[in-house]
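File shown: input.cif. Contents: mmCIF, C-alpha atoms.
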data_model
#
loop_
_atom_site.label_atom_id
_atom_site.label_comp_id
_atom_site.auth_asym_id
_atom_site.auth_seq_id
_atom_site.Cartn_x
_atom_site.Cartn_y
_atom_site.Cartn_z
CA MET A 1 174.71 252.16 -118.26
CA SER A 2 177.21 249.28 -118.36
CA VAL A 3 176.29 246.06 -120.12
CA PRO A 4 176.64 243.11 -117.74
CA ARG A 5 179.24 240.42 -118.37
CA LEU A 6 177.81 237.56 -120.38
CA GLU A 7 177.41 234.24 -118.63
CA ARG A 8 176.78 230.99 -120.39
CA VAL A 9 173.18 230.50 -121.42
CA GLN A 10 171.86 227.83 -123.76
CA ILE A 11 169.18 229.05 -126.15
CA ARG A 12 166.80 226.48 -127.57
CA PRO A 13 163.74 226.73 -129.82
CA LEU A 14 160.45 226.37 -127.97
CA ASP A 15 158.15 223.52 -129.01
CA PRO A 16 154.65 224.82 -128.16
CA THR A 17 153.23 221.28 -128.44
CA ASP A 18 155.33 220.19 -125.45
CA ASP A 19 153.00 221.11 -122.57
CA ALA A 20 155.65 221.02 -119.84
CA ARG A 21 158.08 223.23 -121.75
CA MET A 22 155.30 225.56 -122.81
CA ASP A 23 154.17 225.89 -119.18
CA ALA A 24 157.69 226.69 -117.98
CA TRP A 25 158.31 229.12 -120.82
CA HIS A 26 155.08 231.01 -120.22
CA ALA A 27 155.61 231.16 -116.45
CA THR A 28 158.97 232.88 -116.99
CA TYR A 29 157.57 235.17 -119.69
CA ALA A 30 154.60 236.22 -117.54
CA VAL A 31 156.46 236.95 -114.32
CA ALA A 32 159.15 238.87 -116.20
CA HIS A 33 156.64 241.03 -118.08
CA ALA A 34 154.68 241.81 -114.91
CA TYR A 35 157.71 242.64 -112.76
CA GLY A 36 157.65 246.22 -111.43
CA LEU A 37 154.27 247.04 -113.03
CA GLU A 38 150.90 247.41 -111.34
CA HIS A 39 148.77 247.05 -114.47
CA ALA A 40 150.57 244.40 -116.49
CA ALA A 41 148.53 242.10 -118.72
CA PRO A 42 150.90 239.66 -120.44
CA TRP A 43 149.39 237.25 -122.91
CA THR A 44 148.01 234.08 -121.38
CA ARG A 45 149.50 230.68 -122.06
CA GLU A 46 146.64 229.74 -124.37
CA GLU A 47 146.94 232.99 -126.34
CA MET A 48 150.67 232.59 -126.76
CA ARG A 49 150.38 228.95 -127.76
CA ALA A 50 147.85 229.82 -130.45
CA GLN A 51 150.19 232.46 -131.84
CA LEU A 52 153.00 229.94 -132.11
CA LEU A 53 151.02 226.98 -133.45
CA HIS A 54 148.96 228.51 -136.24
CA PRO A 55 150.75 229.67 -139.41
CA ARG A 56 149.54 232.94 -140.87
CA ALA A 57 150.00 234.76 -144.13
CA GLY A 58 150.89 238.04 -142.46
CA GLU A 59 153.73 237.07 -140.13
CA ARG A 60 155.88 234.27 -138.77
CA VAL A 61 156.57 234.01 -135.04
CA GLU A 62 159.39 231.97 -133.47
CA ALA A 63 159.98 231.50 -129.75
CA PHE A 64 163.09 230.53 -127.79
CA ALA A 65 163.98 229.58 -124.23
CA GLY A 66 167.24 230.42 -122.50
CA TYR A 67 168.60 227.96 -119.94
CA ASP A 68 171.26 228.32 -117.28
CA GLY A 69 171.84 224.67 -116.51
CA ASP A 70 168.38 223.23 -115.97
CA ALA A 71 166.81 226.57 -115.06
CA LEU A 72 164.76 228.41 -117.69
CA VAL A 73 165.97 231.96 -117.11
CA CYS A 74 164.80 233.98 -120.11
CA THR A 75 162.41 233.91 -123.05
CA GLY A 76 162.57 235.37 -126.51
CA MET A 77 160.29 235.81 -129.50
CA ILE A 78 160.90 237.18 -132.94
CA THR A 79 158.17 238.16 -135.39
CA PHE A 80 158.85 238.46 -139.11
CA PRO A 81 156.28 240.43 -141.17
CA LEU A 82 155.68 238.52 -144.41
CA MET A 83 153.50 240.86 -146.51
CA ASP A 84 154.88 244.32 -145.70
CA ASN A 85 157.65 245.98 -143.67
CA LEU A 86 160.03 243.30 -144.88
CA HIS A 87 162.98 245.24 -143.48
CA ILE A 88 161.75 244.78 -139.90
CA ALA A 89 161.76 242.06 -137.26
CA HIS A 90 160.02 242.62 -133.93
CA VAL A 91 161.70 241.13 -130.87
CA ASP A 92 160.39 240.46 -127.38
CA LEU A 93 162.69 239.20 -124.65
CA ALA A 94 162.22 238.78 -120.94
CA THR A 95 164.45 237.56 -118.12
CA HIS A 96 163.08 236.16 -114.89
CA PRO A 97 163.66 238.80 -112.17
CA VAL A 98 165.68 236.34 -110.06
CA HIS A 99 168.14 235.82 -112.92
CA ARG A 100 168.63 239.39 -114.14
CA ARG A 101 171.95 241.22 -114.43
CA ARG A 102 173.80 238.08 -115.55
CA GLY A 103 173.81 238.66 -119.31
CA HIS A 104 170.99 236.28 -120.16
CA GLY A 105 168.81 238.94 -121.80
CA THR A 106 171.78 240.24 -123.80
CA ALA A 107 172.53 236.74 -125.06
CA MET A 108 168.90 236.27 -126.09
CA LEU A 109 168.86 239.62 -127.90
CA GLU A 110 172.04 238.72 -129.79
CA HIS A 111 170.48 235.41 -130.80
CA LEU A 112 167.33 237.09 -132.10
CA ALA A 113 169.31 239.79 -133.90
CA ALA A 114 171.36 237.14 -135.68
CA LEU A 115 168.15 235.49 -136.87
CA ALA A 116 166.91 238.84 -138.17
CA VAL A 117 170.13 239.44 -140.09
CA ALA A 118 170.02 235.93 -141.54
CA ASP A 119 166.50 236.66 -142.80
CA GLY A 120 167.62 239.88 -144.48
CA ARG A 121 166.06 242.25 -141.97
CA THR A 122 167.78 245.56 -141.33
CA THR A 123 165.76 246.94 -138.40
CA LEU A 124 164.74 245.56 -135.02
CA ASN A 125 161.64 246.81 -133.21
CA ALA A 126 161.08 246.26 -129.49
CA ASP A 127 158.69 247.55 -126.82
CA ALA A 128 159.20 248.25 -123.14
CA GLU A 129 156.84 249.28 -120.34
CA TRP A 130 157.39 251.29 -117.19
CA PRO A 131 155.32 253.11 -114.51
CA TYR A 132 153.38 256.20 -115.53
CA SER A 133 155.27 258.30 -112.96
CA ALA A 134 158.60 257.62 -114.73
CA PRO A 135 159.97 259.84 -117.54
CA ALA A 136 158.10 259.72 -120.84
CA ASP A 137 161.11 258.16 -122.60
CA GLY A 138 161.66 255.59 -119.85
CA SER A 139 165.14 256.80 -118.96
CA GLY A 140 166.19 255.42 -115.60
CA THR A 141 163.85 252.43 -115.81
CA PRO A 142 165.28 248.91 -116.26
CA ASN A 143 163.31 247.91 -119.34
CA ALA A 144 164.00 251.07 -121.35
CA ASP A 145 167.62 251.32 -120.24
CA PHE A 146 168.24 247.71 -121.28
CA LEU A 147 167.26 248.56 -124.86
CA THR A 148 169.00 251.93 -125.15
CA ALA A 149 172.23 250.46 -123.74
CA ARG A 150 172.17 247.98 -126.61
CA GLY A 151 171.73 250.43 -129.42
CA PHE A 152 167.97 250.90 -129.58
CA ALA A 153 166.56 254.41 -130.01
CA PHE A 154 163.39 255.57 -128.28
CA SER A 155 161.05 256.28 -131.20
CA LEU A 156 157.50 256.66 -129.86
CA GLY A 157 156.01 257.07 -126.40
CA ASP A 158 152.58 255.65 -125.60
CA VAL A 159 150.43 256.01 -122.50
CA LYS A 160 148.52 252.99 -121.27
CA ARG A 161 145.06 253.96 -120.07
CA ALA A 162 142.46 251.99 -118.14
CA LEU A 163 138.68 252.17 -117.99
CA ASP A 164 136.36 250.19 -115.74
CA VAL A 165 133.62 248.50 -117.73
CA PRO A 166 130.72 248.50 -117.92
CA VAL A 167 130.65 252.25 -118.46
CA ASP A 168 127.56 254.15 -117.35
CA ASP A 169 124.87 253.52 -119.98
CA ASP A 170 123.51 257.06 -119.68
CA LEU A 171 126.94 258.54 -120.45
CA LEU A 172 127.32 256.39 -123.56
CA ALA A 173 123.78 257.23 -124.72
CA ARG A 174 124.42 260.96 -124.25
CA LEU A 175 127.73 260.86 -126.14
CA ALA A 176 126.15 258.87 -128.98
CA ALA A 177 123.33 261.40 -129.23
CA ASP A 178 125.76 264.34 -129.13
CA VAL A 179 127.76 263.13 -132.14
CA ALA A 180 124.88 261.68 -134.19
CA PRO A 181 124.16 264.91 -136.13
CA TYR A 182 127.76 265.01 -137.37
CA HIS A 183 127.75 261.66 -139.18
CA GLN A 184 124.39 261.61 -140.92
CA GLY A 185 124.68 259.63 -144.14
CA TYR A 186 127.19 257.19 -142.66
CA GLU A 187 126.07 253.71 -141.60
CA LEU A 188 127.34 252.42 -138.25
CA ARG A 189 127.55 248.64 -138.39
CA ARG A 190 128.49 246.22 -135.61
CA PHE A 191 129.71 242.65 -135.70
CA ALA A 192 131.29 240.15 -133.31
CA GLY A 193 133.91 237.75 -134.59
CA PRO A 194 134.79 237.47 -138.29
CA VAL A 195 134.61 240.46 -140.60
CA PRO A 196 131.54 240.16 -142.88
CA GLU A 197 132.48 239.03 -146.36
CA ASP A 198 130.92 242.02 -148.11
CA ILE A 199 133.24 244.52 -146.38
CA VAL A 200 136.39 242.44 -145.76
CA THR A 201 138.42 244.08 -148.55
CA SER A 202 137.46 247.64 -147.62
CA PHE A 203 137.95 246.92 -143.92
CA GLY A 204 141.40 245.44 -144.53
CA SER A 205 142.47 248.46 -146.54
CA LEU A 206 141.53 250.76 -143.66
CA VAL A 207 143.22 248.62 -140.98
CA GLY A 208 146.39 248.40 -143.07
CA SER A 209 146.61 252.20 -143.27
CA LEU A 210 146.94 252.54 -139.49
CA MET A 211 150.75 252.64 -139.70
CA SER A 212 150.65 255.67 -142.00
CA GLU A 213 147.59 257.44 -140.57
CA ALA A 214 148.21 257.21 -136.81
CA PRO A 215 151.08 259.04 -135.07
CA MET A 216 154.22 256.89 -135.32
CA GLY A 217 156.92 259.23 -134.05
CA ASP A 218 160.34 258.29 -135.41
CA LEU A 219 159.38 254.70 -136.21
CA ASP A 220 160.35 253.52 -139.70
CA LEU A 221 157.14 251.72 -140.68
CA GLU A 222 155.24 251.19 -143.91
CA PRO A 223 151.48 250.70 -144.37
CA GLU A 224 150.45 247.09 -143.75
CA VAL A 225 148.71 244.69 -146.11
CA PHE A 226 145.52 243.20 -144.69
CA ASP A 227 143.88 241.27 -147.48
CA ALA A 228 141.13 238.69 -146.98
CA THR A 229 143.63 235.83 -146.64
CA ARG A 230 145.52 237.55 -143.84
CA ILE A 231 142.35 238.58 -142.05
CA ARG A 232 140.90 235.07 -142.17
CA ASP A 233 144.17 233.55 -140.93
CA ASP A 234 144.21 235.97 -138.00
CA GLU A 235 140.60 235.12 -137.19
CA LYS A 236 141.54 231.44 -136.85
CA VAL A 237 144.19 232.44 -134.31
CA PHE A 238 141.64 234.58 -132.42
CA GLU A 239 139.36 231.57 -132.15
CA ALA A 240 142.16 229.24 -131.03
CA SER A 241 143.33 231.75 -128.42
CA GLY A 242 139.87 232.22 -126.92
CA ARG A 243 139.51 235.84 -128.02
CA THR A 244 136.30 237.45 -129.24
CA LYS A 245 136.57 240.68 -131.21
CA TYR A 246 133.76 243.24 -131.16
CA THR A 247 133.90 245.76 -134.00
CA THR A 248 131.94 248.82 -135.06
CA VAL A 249 132.60 250.32 -138.48
CA ALA A 250 131.38 253.44 -140.24
CA ILE A 251 130.46 252.95 -143.88
CA ALA A 252 130.39 255.96 -146.20
CA PRO A 253 127.53 256.50 -148.66
CA GLY A 254 129.67 254.96 -151.41
CA GLY A 255 130.00 251.70 -149.47
CA ASP A 256 133.59 251.99 -148.22
CA VAL A 257 134.56 251.35 -144.60
CA VAL A 258 136.05 254.66 -143.48
CA ALA A 259 136.26 254.27 -139.69
CA TYR A 260 136.45 251.43 -137.21
CA SER A 261 136.96 250.59 -133.56
CA GLU A 262 137.77 247.16 -132.12
CA LEU A 263 137.51 245.64 -128.64
CA VAL A 264 138.98 242.23 -127.82
CA VAL A 265 137.61 240.10 -124.98
CA PRO A 266 139.93 237.26 -123.90
CA SER A 267 138.26 234.22 -122.35
CA PHE A 268 141.49 233.11 -120.65
CA ASP A 269 142.06 236.53 -119.05
CA PRO A 270 138.67 237.22 -117.45
CA GLY A 271 139.69 240.48 -115.80
CA HIS A 272 140.49 242.44 -118.94
CA VAL A 273 139.27 243.83 -122.25
CA PHE A 274 141.66 245.32 -124.81
CA GLN A 275 141.07 248.22 -127.16
CA TRP A 276 142.67 247.45 -130.48
CA GLY A 277 142.60 249.76 -133.46
CA THR A 278 140.49 252.91 -133.80
CA LEU A 279 140.97 254.92 -136.98
CA VAL A 280 139.13 257.31 -139.27
CA ARG A 281 140.29 257.91 -142.84
CA ALA A 282 141.75 261.40 -143.16
CA GLU A 283 139.24 262.56 -145.77
CA HIS A 284 136.32 261.55 -143.50
CA ARG A 285 137.49 263.26 -140.32
CA GLY A 286 135.40 266.03 -138.82
CA HIS A 287 132.28 263.85 -138.61
CA ARG A 288 132.99 262.62 -135.05
CA LEU A 289 133.33 259.07 -136.38
CA GLY A 290 136.14 258.18 -133.98
CA LEU A 291 134.02 258.90 -130.91
CA ALA A 292 130.92 257.46 -132.56
CA THR A 293 132.50 254.09 -133.37
CA LYS A 294 134.11 253.84 -129.92
CA VAL A 295 130.87 254.68 -128.09
CA HIS A 296 128.72 252.36 -130.18
CA ASN A 297 131.29 249.59 -129.82
CA LEU A 298 131.28 249.94 -126.03
CA GLN A 299 127.49 249.75 -126.06
CA PHE A 300 127.75 246.63 -128.23
CA LEU A 301 130.31 245.05 -125.89
CA GLN A 302 128.24 245.78 -122.80
CA GLN A 303 125.29 243.90 -124.26
CA HIS A 304 127.46 240.77 -124.05
CA LEU A 305 129.53 241.50 -120.93
CA ASP A 306 128.79 239.02 -118.15
CA HIS A 307 130.97 240.57 -115.42
CA PRO A 308 133.00 243.75 -114.81
CA ARG A 309 136.43 244.03 -116.39
CA VAL A 310 139.18 246.62 -116.89
CA LEU A 311 139.63 247.90 -120.42
CA PHE A 312 143.18 248.84 -121.48
CA THR A 313 144.17 251.03 -124.40
CA TYR A 314 147.39 252.64 -125.62
CA ASN A 315 147.64 256.12 -127.14
CA ALA A 316 150.67 257.83 -128.57
CA GLU A 317 151.42 260.69 -126.21
CA VAL A 318 151.20 263.11 -129.14
CA ASN A 319 147.77 261.87 -130.27
CA ASP A 320 145.79 264.69 -128.66
CA HIS A 321 142.56 263.93 -130.51
CA MET A 322 142.26 260.29 -129.45
CA ILE A 323 143.37 261.11 -125.92
CA ALA A 324 140.54 263.66 -125.70
CA VAL A 325 138.08 261.02 -126.93
CA ASN A 326 139.26 258.55 -124.31
CA GLU A 327 139.09 261.13 -121.54
CA LEU A 328 135.45 261.78 -122.42
CA LEU A 329 134.82 258.09 -121.81
CA GLY A 330 136.64 258.15 -118.46
CA PHE A 331 139.98 256.50 -119.28
CA ARG A 332 142.76 257.16 -116.76
CA PRO A 333 146.54 256.90 -117.36
CA VAL A 334 148.18 253.99 -115.53
CA GLU A 335 151.49 253.12 -117.23
CA ARG A 336 153.74 253.94 -120.17
CA LEU A 337 155.01 251.98 -123.15
CA GLY A 338 157.92 252.91 -125.37
CA GLU A 339 158.49 251.72 -128.91
CA PHE A 340 162.15 251.38 -129.84
CA GLN A 341 164.06 250.70 -133.04
CA LYS A 342 167.62 249.62 -133.83
CA GLU A 343 169.33 249.57 -137.19
CA LEU A 344 171.26 246.38 -137.76
#
Just dump the structure as structure tokens.
Amino acid sequence: MSVPRLERVQIRPLDPTDDARMDAWHATYAVAHAYGLEHAAPWTREEMRAQLLHPRAGERVEAFAGYDGDALVCTGMITFPLMDNLHIAHVDLATHPVHRRRGHGTAMLEHLAALAVADGRTTLNADAEWPYSAPADGSGTPNADFLTARGFAFSLGDVKRALDVPVDDDLLARLAADVAPYHQGYELRRFAGPVPEDIVTSFGSLVGSLMSEAPMGDLDLEPEVFDATRIRDDEKVFEASGRTKYTTVAIAPGGDVVAYSELVVPSFDPGHVFQWGTLVRAEHRGHRLGLATKVHNLQFLQQHLDHPRVLFTYNAEVNDHMIAVNELLGFRPVERLGEFQKEL
């Protein structure tokens, strides 16, 4: 694939407090991320603004707008982890479909890469989505080919799955009853919103281990640090972005959180729910805690659901166990996502 000739594009930092510029930036970001996809769910303006406005202990996010004259033609974001994975910067860039193939995305990527190098980062991470019917590595699709043509390596393939909610209550009750004998002695605990203070340290330790416990393919990633400060900072962003998180955890007899499942309900995106992390500590597997926490969390969510939505989740294509759990619940594959890395 040939890299298009660069045309002049002016890249400027985005001021999220400037409503007009924020509106224009998000409009370009949203249409670019939805282009060519049937099940796209880009972040809403309010969610993105909250990410950019609220400082957090765990990461720093910067956003940029690319202009061709007066036209905003592309967007870019770079995320710097601050407590772990200090060798990495995650980049997200999108070009309005009308302005593609003119070098704008390449210019934005070069700008973000220069920022990463200046901050001492040695690796760039980026994601791309494409239809489910396309190859698993995205070859031949515009988003994946853009990254591989610029030195990124395909490192992990995920499948995006969808589930209509509410799910049949009888199915959830039957699944919960089926797995109950396997996790006797464990406490299943639910909460909406902030993590209860008495389990915040144990919960954070489990969440931070996701990078080392879940399938990560060829990605160069370290376990993450989720202490109470980081968790509380993130919760402030959830509140500002209009998101409510529903969580079910499994607590072992010794008091440690050893499994969890999270669902996020966005108030500014009323058609969707998002599955976030689900994980069971390795030494506690075999007790059906993954299915148990997911089922109980869906039951918890449906007690508060005021209208039907579509629930999206991502699974690494090699994660046979979690895929089997999701298929029991009725998830169907709809699109693909690739995770890419580039050494700087």
May I ask which of the residues A:Leu279, A:Val98, A:Ala176, A:Ala192 is the closest one to A:Ser212, counting all atoms listed in the file?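 The shortest atom-to-atom distance to A:Ser212 comes from A:Leu279.
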Can you build me a table of stretch 89-167 of chain A residues sitting at most 7 Å from stretch 31-54 of chain A, with the closest atom pair per residue and its distance in Å to one decimal, using only C-alpha atoms, sorted by chain and residue number, as JSON lines?
{"residue": "A:Ala94", "atom": "CA", "partner": "A:Ala32", "partner_atom": "CA", "distance": 5.6}
{"residue": "A:Thr95", "atom": "CA", "partner": "A:Ala32", "partner_atom": "CA", "distance": 5.8}
{"residue": "A:His96", "atom": "CA", "partner": "A:Ala32", "partner_atom": "CA", "distance": 5.0}
{"residue": "A:Pro97", "atom": "CA", "partner": "A:Ala32", "partner_atom": "CA", "distance": 6.0}
{"residue": "A:Trp130", "atom": "CA", "partner": "A:Leu37", "partner_atom": "CA", "distance": 6.7}
{"residue": "A:Pro131", "atom": "CA", "partner": "A:Leu37", "partner_atom": "CA", "distance": 6.3}
Restrict the selected residues to C-alpha atoms and save them as a tab-separated table (two decimals), keeping the file's coordinate frame.
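File written: part_36.tsv
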chain	number	residue	atom	x	y	z
A	94	ALA	CA	162.22	238.78	-120.94
A	95	THR	CA	164.45	237.56	-118.12
A	96	HIS	CA	163.08	236.16	-114.89
A	97	PRO	CA	163.66	238.80	-112.17
A	130	TRP	CA	157.39	251.29	-117.19
A	131	PRO	CA	155.32	253.11	-114.51
Here's the selection I'm unsure about, the PyMOL selection byres ((chain A and resi 266-277) around 9); applied to the file above, which residues does it give, as JSON, numbers by chain? {"A": [41, 43, 44, 45, 46, 47, 165, 207, 210, 241, 242, 243, 244, 245, 260, 261, 262, 263, 264, 265, 278, 279, 307, 308, 309, 310, 311, 312, 313, 314]}
Can you pull out the residues contacting A:Gly290? Cut-off 12 Å, using all atoms listed in the file, and skip same-chain residues under 6 positions away; I want them as an MDAnalysis selection string. chainID A and resid 175:176 179:180 182:183 188 248:250 258:262 277:282 284 296:297 321:326
Test item: which residues lie within 7 Å of (156.7, 260.8, -126.0) counting only C-alpha atoms, as a PyMOL selection string: chain A and resi 136-137+156-158+317-318
Residues selected by the PyMOL selection byres ((chain A and resi 336) around 7), written as a ChimeraX atom specification: /A:129-132,158-160,335,337-338
May I have the protein, DNA and RNA residues with any atom at most 8 Å from the point (164.0, 255.2, -132.1), counting only C-alpha atoms, written as a PyMOL selection string? chain A and resi 152-156+218-219+339-342
Given the file shown, determine the residues that the PyMOL selection byres ((chain A and resi 59) around 10) selects; report them as a PyMOL selection string. chain A and resi 55-58+60-61+79-84+89+230+234
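Of the listed residues (A:Lys236, A:Asp178, A:Pro215, A:Pro166), A:Pro166 comes nearest to A:Asp306; the distances count only C-alpha atoms.
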Calculate how many Å separate atom CA of A:Asp68 from atom CA of A:Arg8, rounding to one decimal.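 That distance, rounded to one decimal, is 6.9 Å.
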Among the residues A:His104, A:Arg288, A:His90, A:Arg190, the one that comes closest to A:Cys74 [using all atoms listed in the file]: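 Nearest to A:Cys74: A:His104.
Residues lying within 9 Å of A:Leu109, counting all atoms listed in the file and ignoring same-chain neighbours fewer than 5 positions away, are Gly76, Val91, Asp92, Leu93, His104 and Ala114 of chain A.
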Is it possible to add N, CA and C atoms to stretch 288-300 of chain A and hand it back as a short mmCIF file (atom, residue, chain, number, x, y, z; two decimals), in the frame of the given file?
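Full text of selection.cif as output:
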data_model
loop_
_atom_site.label_atom_id
_atom_site.label_comp_id
_atom_site.auth_asym_id
_atom_site.auth_seq_id
_atom_site.Cartn_x
_atom_site.Cartn_y
_atom_site.Cartn_z
N ARG A 288 133.04 263.23 -136.39
CA ARG A 288 132.99 262.62 -135.05
C ARG A 288 132.87 261.10 -135.12
N LEU A 289 133.45 260.52 -136.18
CA LEU A 289 133.33 259.07 -136.38
C LEU A 289 134.20 258.28 -135.41
N GLY A 290 135.31 258.87 -134.96
CA GLY A 290 136.14 258.18 -133.98
C GLY A 290 135.39 257.96 -132.68
N LEU A 291 134.80 259.03 -132.15
CA LEU A 291 134.02 258.90 -130.91
C LEU A 291 132.78 258.05 -131.14
N ALA A 292 132.14 258.22 -132.29
CA ALA A 292 130.92 257.46 -132.56
C ALA A 292 131.18 255.97 -132.58
N THR A 293 132.23 255.53 -133.30
CA THR A 293 132.50 254.09 -133.37
C THR A 293 132.92 253.54 -132.01
N LYS A 294 133.69 254.32 -131.24
CA LYS A 294 134.11 253.84 -129.92
C LYS A 294 132.91 253.71 -128.98
N VAL A 295 132.03 254.70 -128.98
CA VAL A 295 130.87 254.68 -128.09
C VAL A 295 129.93 253.54 -128.47
N HIS A 296 129.62 253.43 -129.75
CA HIS A 296 128.72 252.36 -130.18
C HIS A 296 129.33 250.99 -129.94
N ASN A 297 130.65 250.89 -130.06
CA ASN A 297 131.29 249.59 -129.82
C ASN A 297 131.26 249.22 -128.34
N LEU A 298 131.42 250.21 -127.46
CA LEU A 298 131.28 249.94 -126.03
C LEU A 298 129.85 249.52 -125.69
N GLN A 299 128.88 250.17 -126.29
CA GLN A 299 127.49 249.75 -126.06
C GLN A 299 127.28 248.31 -126.54
N PHE A 300 127.84 247.98 -127.67
CA PHE A 300 127.75 246.63 -128.23
C PHE A 300 128.39 245.62 -127.29
#
